[in-house]
Structure formats: structure tokens, C-alpha cells
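For reference, the structure discussed in these notes is given below.
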Amino acid sequence: MAMLHTVNKSPFERNTLDSCISMAKSGSSILLIEDGIFGALKGTSATDKVSSAMSNVTFYVLGPDLNARGMTEEQLIDGIKVVDYEGFVDLTAEHENVQAWL
Amino acid sequence: MKYGLLINEGPYQHQAVDSAYQFAKAAIAKGHEVFRVFFYHDGVNNATDFAVPPQDDRNITENWIKLAEENNIDMVVCIAAAQRRGLLDANEAERQGKRGDNIAPGYRISGLGQLVEAGIECDRLLTFGD
């Protein structure tokens with residue numbers, strides 16, 4: 001059963017991304033929204049954890065939240081997909097359920 | 001798809017309600033249905049009729065009312081969370097002996113059963129919080 005997880009906090013503020021990665025089953029997806037987008041950036045202390053999780057889980061980042069924080073696609077870890085709100089809606093429909101990590 | 005949205009944070013403090021609003025608009029634009037929005041915890045503050053944000057800023061309370069009217073969304077405010085925070089509709093204000101009521105038209109007060117029902121009725125229930 002593929003689940004969509006949403007993480008809305010920076011890994012430098014809370015440990016929800018860590019918790020999410022440790023609980024997410026293989027084949028599920030993680031969408032980083034709001035301050036969660038900071039977990040998708042290259043060259044941070046969270047990068048290795050996210051990169052290694054990408055062998056089991058697909059990562060997405062919400063583009064409008066990325067841009068609202070002055071970040072661009074070029075700064076993302078390779079392989080992380082950018083979606084807009086319509087893409088967010090599609091992800092919720094494609095997965096069987098949605099879990100918000102707050 | 002039929003969507004239910006749970007909003008746990010108030011306006012202008014957290015992004016939760018803005019994210020939920022953008023999501024609802026996108027879902028509707030794609031032909032999905034937003035069945036119910038449930039305002040819980042500090043999220044009940046989004047339903048205040050007395051907020052007067054600057055004209056060049058978004059009016060969160062009004063935006064939801066408009067979206068709900070146009071798309072037949074049921075907007076429910078948790079009664080226990082609302083009463084704790086001083087949000088009353090006309091009936092509750094009279095029952096509690098308060099001088100006024102401040103829940104905007106378009107929002108209705110009810111209980112957690114409505115959240116449970118949204119979980120049962122909807123294909124997806126999404127939580128937006130802090």
C-alpha cells in the first residue's frame with residue numbers, strides 16, 4: 001500500500017523528516033512542503049540521509065514553497081522531483097492515503 | 001476524488017491554512033470535490049468575523065467563505081476548540097450569556113463527529129498543521 005507522507009518542517013528545526021524516513025515503507029513517497037523544502041537541498045547535514053533514503057522512497061518538493069524561500073531547482077538533491085499544487089493534488093490521488101508528519 | 005481537509009493552525013501565524021487553501025483551489029480546478037474543511041485547535045481562529053487584515057494582504061476568512069460558497073464546501077468549526085478561544089456563534093453567545101458572536105457566516109459550529117464522518121466519507125483526508 002503506497003502512502004504519501006508530507007513533511008512541513010526543516011530538518012534543522014524538528015526531527016519529523018528523520019521520523020518519516022525511518023517509518024516510510026519501501027515504495028512510498030515523501031512530499032516536502034513549507035519549511036520542509038530545506039530537507040531537499042544539496043550540501044547540508046541532512047543531504048546524506050535523504051539521498052540514501054531515495055533508494056526506497058520517492059522524494060518530491062513543492063515548487064511554490066521552494067521558490068518562496070529563495071531556493072531553486074538547481075539546489076536540489078539530484079532525483080528529487082518538483083511539483084506544483086496541481087502535482088500535490090495528483091500525488092494525493094495516486095497514493096492510497098496521506099500522512100502528515102507534524 | 002472526494003477530499004476532506006483538517007486545519008489545525010490559525011491565520012497569519014503558520015502556513016497551514018494557506019497551504020490548505022492552495023491545495024483546495026488546485027483540487028477543485030482539477031475537477032475533484034472538497035467535501036468538508038474541519039477547523040480544529042487554533043485553526044478555529046480562521047473563522048473569526050472580526051479580523052480586518054490590511055487591504056493588500058489576503059483575507060483568509062473571506063477567501064474560504066468565497067471558495068466554500070462557489071463549490072459547496074461544508075466548513076465546520078470544532079465547538080469545544082472554539083469556545084475555549086472565545087469564538088461563538090449567535091446561539092452559543094446567547095446560551096453562554098455573552099455580549100456578541102464572532103463566527104463568520106459560512107462557517108458552522110459542530111463537533112468531532114463531523115471530522116470522523118469526513119474521514120469515512122472522503123477518499124482522502126489531509127491534515128495541515130504546524
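Within each chain, counting starts at residue 1; across the C-alpha cells, chains are named A, B, ... in the order shown, with ligands numbered 1 upward in that order.
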
| said: From a backbone DSSP assignment, name each residue in chain A labelled helix (DSSP H, G or I), as a VMD selection string. | reply: chain A and resid 16 to 23 34 to 40 47 to 53 63 to 68 73 to 75 85 to 94

Requested write-out: C-alpha atoms of the selected residues, as a CSV table (one decimal), in the first residue's frame:
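The resulting file, part35.csv, is reproduced below:
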```csv
chain,number,residue,atom,x,y,z
A,16,THR,CA,9.9,14.9,11.6
A,17,LEU,CA,11.8,14.2,8.4
A,18,ASP,CA,14.0,11.7,10.3
A,19,SER,CA,11.0,10.1,11.8
A,20,CYS,CA,9.2,10.0,8.5
A,21,ILE,CA,12.2,8.4,6.7
A,22,SER,CA,12.6,5.8,9.4
A,23,MET,CA,8.9,4.8,9.2
A,34,GLU,CA,6.5,24.6,3.6
A,35,ASP,CA,9.8,24.7,5.6
A,36,GLY,CA,10.2,21.0,4.8
A,37,ILE,CA,11.8,22.0,1.5
A,38,PHE,CA,15.1,22.6,3.3
A,39,GLY,CA,15.4,18.9,3.6
A,40,ALA,CA,15.7,18.6,-0.2
A,47,THR,CA,21.6,15.6,2.5
A,48,ASP,CA,23.1,12.1,3.0
A,49,LYS,CA,20.1,10.8,4.9
A,50,VAL,CA,17.7,11.9,2.2
A,51,SER,CA,20.0,10.7,-0.6
A,52,SER,CA,20.3,7.2,0.9
A,53,ALA,CA,16.5,7.0,1.6
A,63,GLY,CA,7.8,24.2,-6.0
A,64,PRO,CA,5.9,27.3,-4.8
A,65,ASP,CA,7.2,26.7,-1.2
A,66,LEU,CA,10.8,26.2,-2.6
A,67,ASN,CA,10.7,29.4,-4.5
A,68,ALA,CA,9.0,31.4,-1.7
A,73,GLU,CA,15.7,23.6,-8.5
A,74,GLU,CA,19.4,23.7,-9.1
A,75,GLN,CA,20.0,23.5,-5.4
A,85,TYR,CA,-0.1,22.4,-6.1
A,86,GLU,CA,-1.8,20.5,-9.0
A,87,GLY,CA,1.0,18.0,-8.8
A,88,PHE,CA,0.4,17.8,-5.0
A,89,VAL,CA,-3.3,17.0,-5.7
A,90,ASP,CA,-2.2,14.3,-8.2
A,91,LEU,CA,0.1,12.7,-5.7
A,92,THR,CA,-2.7,12.5,-3.1
A,93,ALA,CA,-4.9,10.8,-5.6
A,94,GLU,CA,-2.3,8.4,-6.9
```

| Do you know which residues are at most 12 Å from B:Arg84 counting only C-alpha atoms, after dropping those on the same chain fewer than 2 positions away, and could you put them as a list of chain:residue names? |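 What passes the distance filter is B:Tyr40, B:His41, B:Asp42, B:Val44, B:Asn45, B:Cys78, B:Ile79, B:Ala80, B:Ala81, B:Ala82, B:Gly86, B:Leu87, B:Leu88.
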
Write down as a PDB file with N, CA and C atoms, in the first residue's frame the residues belonging to stretch 5-102 of chain A that are assigned strand (DSSP E) by DSSP computed on the backbone.
```pdb
ATOM      1  N   HIS A   5       3.625  10.676   2.250  1.00  0.00           N
ATOM      2  CA  HIS A   5       3.938  11.360   3.507  1.00  0.00           C
ATOM      3  C   HIS A   5       4.206  12.830   3.195  1.00  0.00           C
ATOM      4  N   THR A   6       3.688  13.725   4.023  1.00  0.00           N
ATOM      5  CA  THR A   6       4.071  15.135   3.866  1.00  0.00           C
ATOM      6  C   THR A   6       4.870  15.559   5.094  1.00  0.00           C
ATOM      7  N   VAL A   7       5.968  16.274   4.837  1.00  0.00           N
ATOM      8  CA  VAL A   7       6.801  16.813   5.919  1.00  0.00           C
ATOM      9  C   VAL A   7       6.871  18.318   5.724  1.00  0.00           C
ATOM     10  N   SER A  29       6.065   7.525  -0.917  1.00  0.00           N
ATOM     11  CA  SER A  29       6.606   8.808  -1.370  1.00  0.00           C
ATOM     12  C   SER A  29       6.592   9.831  -0.243  1.00  0.00           C
ATOM     13  N   ILE A  30       7.546  10.742  -0.291  1.00  0.00           N
ATOM     14  CA  ILE A  30       7.608  11.822   0.696  1.00  0.00           C
ATOM     15  C   ILE A  30       7.576  13.152  -0.053  1.00  0.00           C
ATOM     16  N   LEU A  31       6.597  13.984   0.286  1.00  0.00           N
ATOM     17  CA  LEU A  31       6.486  15.315  -0.314  1.00  0.00           C
ATOM     18  C   LEU A  31       6.915  16.347   0.730  1.00  0.00           C
ATOM     19  N   LEU A  32       7.911  17.146   0.389  1.00  0.00           N
ATOM     20  CA  LEU A  32       8.407  18.182   1.304  1.00  0.00           C
ATOM     21  C   LEU A  32       7.709  19.494   0.984  1.00  0.00           C
ATOM     22  N   THR A  58      10.376   7.693  -2.993  1.00  0.00           N
ATOM     23  CA  THR A  58      10.472   8.781  -3.963  1.00  0.00           C
ATOM     24  C   THR A  58      10.239  10.111  -3.252  1.00  0.00           C
ATOM     25  N   PHE A  59      11.131  11.066  -3.510  1.00  0.00           N
ATOM     26  CA  PHE A  59      11.000  12.380  -2.873  1.00  0.00           C
ATOM     27  C   PHE A  59      10.464  13.411  -3.860  1.00  0.00           C
ATOM     28  N   TYR A  60       9.561  14.231  -3.358  1.00  0.00           N
ATOM     29  CA  TYR A  60       9.034  15.354  -4.126  1.00  0.00           C
ATOM     30  C   TYR A  60       9.176  16.612  -3.277  1.00  0.00           C
ATOM     31  N   VAL A  61       9.210  17.749  -3.944  1.00  0.00           N
ATOM     32  CA  VAL A  61       9.241  19.019  -3.212  1.00  0.00           C
ATOM     33  C   VAL A  61       8.221  19.961  -3.859  1.00  0.00           C
ATOM     34  N   LEU A  62       7.545  20.737  -3.031  1.00  0.00           N
ATOM     35  CA  LEU A  62       6.515  21.647  -3.555  1.00  0.00           C
ATOM     36  C   LEU A  62       7.193  22.926  -4.070  1.00  0.00           C
ATOM     37  N   LYS A  81      11.937  15.341  -7.309  1.00  0.00           N
ATOM     38  CA  LYS A  81      11.051  15.923  -8.319  1.00  0.00           C
ATOM     39  C   LYS A  81      10.302  17.127  -7.748  1.00  0.00           C
ATOM     40  N   VAL A  82      10.137  18.140  -8.579  1.00  0.00           N
ATOM     41  CA  VAL A  82       9.415  19.344  -8.160  1.00  0.00           C
ATOM     42  C   VAL A  82       7.981  19.257  -8.674  1.00  0.00           C
ATOM     43  N   VAL A  83       7.019  19.522  -7.795  1.00  0.00           N
ATOM     44  CA  VAL A  83       5.611  19.573  -8.208  1.00  0.00           C
ATOM     45  C   VAL A  83       5.009  20.916  -7.788  1.00  0.00           C
ATOM     46  N   ASN A  97      -3.261   6.699   0.641  1.00  0.00           N
ATOM     47  CA  ASN A  97      -3.589   7.587   1.749  1.00  0.00           C
ATOM     48  C   ASN A  97      -2.448   8.563   2.002  1.00  0.00           C
ATOM     49  N   VAL A  98      -2.736   9.544   2.828  1.00  0.00           N
ATOM     50  CA  VAL A  98      -1.782  10.633   3.052  1.00  0.00           C
ATOM     51  C   VAL A  98      -1.547  10.786   4.544  1.00  0.00           C
ATOM     52  N   GLN A  99      -0.270  10.847   4.916  1.00  0.00           N
ATOM     53  CA  GLN A  99       0.086  11.031   6.328  1.00  0.00           C
ATOM     54  C   GLN A  99       0.893  12.313   6.481  1.00  0.00           C
ATOM     55  N   ALA A 100       0.394  13.234   7.280  1.00  0.00           N
ATOM     56  CA  ALA A 100       1.138  14.465   7.549  1.00  0.00           C
ATOM     57  C   ALA A 100       1.983  14.272   8.807  1.00  0.00           C
ATOM     58  N   TRP A 101       3.285  14.551   8.674  1.00  0.00           N
ATOM     59  CA  TRP A 101       4.190  14.474   9.840  1.00  0.00           C
ATOM     60  C   TRP A 101       4.303  15.866  10.432  1.00  0.00           C
TER      61      TRP A 101
END
```

Select residues of chain B: the criterion is any atom within 12 Å of an atom of chain A, counting only C-alpha atoms; output as a PDB file with C-alpha atoms, in the first residue's frame.
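The result, stored in part-v5.pdb:
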```pdb
ATOM      1  CA  MET B   1     -11.837  12.219  -5.610  1.00  0.00           C
ATOM      2  CA  LYS B   2     -13.633  13.454  -2.553  1.00  0.00           C
ATOM      3  CA  TYR B   3     -11.378  15.386  -0.167  1.00  0.00           C
ATOM      4  CA  GLY B   4     -11.623  16.328   3.469  1.00  0.00           C
ATOM      5  CA  LEU B   5      -9.211  18.883   4.935  1.00  0.00           C
ATOM      6  CA  LEU B   6      -8.261  19.267   8.590  1.00  0.00           C
ATOM      7  CA  ILE B   7      -6.756  22.628   9.570  1.00  0.00           C
ATOM      8  CA  ASN B   8      -5.078  22.811  12.972  1.00  0.00           C
ATOM      9  CA  GLU B   9      -3.475  26.261  12.960  1.00  0.00           C
ATOM     10  CA  HIS B  14       1.504  29.371  10.396  1.00  0.00           C
ATOM     11  CA  GLN B  15       1.389  28.463   6.740  1.00  0.00           C
ATOM     12  CA  ALA B  16      -1.002  25.558   7.344  1.00  0.00           C
ATOM     13  CA  VAL B  17      -4.225  27.330   6.397  1.00  0.00           C
ATOM     14  CA  ASP B  18      -2.632  28.922   3.316  1.00  0.00           C
ATOM     15  CA  SER B  19      -1.293  25.571   2.142  1.00  0.00           C
ATOM     16  CA  ALA B  20      -4.714  24.019   2.665  1.00  0.00           C
ATOM     17  CA  TYR B  21      -6.381  26.826   0.706  1.00  0.00           C
ATOM     18  CA  GLN B  22      -3.983  26.490  -2.225  1.00  0.00           C
ATOM     19  CA  PHE B  23      -4.490  22.736  -2.163  1.00  0.00           C
ATOM     20  CA  ALA B  24      -8.283  23.087  -2.124  1.00  0.00           C
ATOM     21  CA  LYS B  25      -8.219  25.514  -5.052  1.00  0.00           C
ATOM     22  CA  ALA B  26      -5.966  23.203  -7.080  1.00  0.00           C
ATOM     23  CA  ALA B  27      -8.094  20.137  -6.269  1.00  0.00           C
ATOM     24  CA  ILE B  28     -11.277  21.915  -7.352  1.00  0.00           C
ATOM     25  CA  ALA B  29      -9.590  23.198 -10.525  1.00  0.00           C
ATOM     26  CA  LYS B  30      -8.736  19.606 -11.371  1.00  0.00           C
ATOM     27  CA  GLY B  31     -12.367  18.542 -11.003  1.00  0.00           C
ATOM     28  CA  HIS B  32     -12.153  16.995  -7.524  1.00  0.00           C
ATOM     29  CA  GLU B  33     -14.635  17.662  -4.746  1.00  0.00           C
ATOM     30  CA  VAL B  34     -13.745  19.236  -1.401  1.00  0.00           C
ATOM     31  CA  GLY B 119     -12.663  10.555   7.381  1.00  0.00           C
ATOM     32  CA  CYS B 122     -13.926  11.180   1.856  1.00  0.00           C
ATOM     33  CA  ASP B 123     -11.453   9.302  -0.317  1.00  0.00           C
ATOM     34  CA  ARG B 124      -8.634  11.310   1.261  1.00  0.00           C
ATOM     35  CA  LEU B 125      -8.368  13.283   4.483  1.00  0.00           C
ATOM     36  CA  LEU B 126      -5.404  15.686   4.600  1.00  0.00           C
ATOM     37  CA  THR B 127      -4.045  17.335   7.722  1.00  0.00           C
ATOM     38  CA  PHE B 128      -2.492  20.812   7.669  1.00  0.00           C
ATOM     39  CA  GLY B 129      -0.869  21.907  10.908  1.00  0.00           C
ATOM     40  CA  ASP B 130       2.328  23.132  12.484  1.00  0.00           C
TER      41      ASP B 130
END
```

| task | Find the distance between atom CA of A:Leu4 and atom CA of B:Ile73 and write it in Å to one decimal. | result |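 Those two atoms sit 24.1 Å apart.
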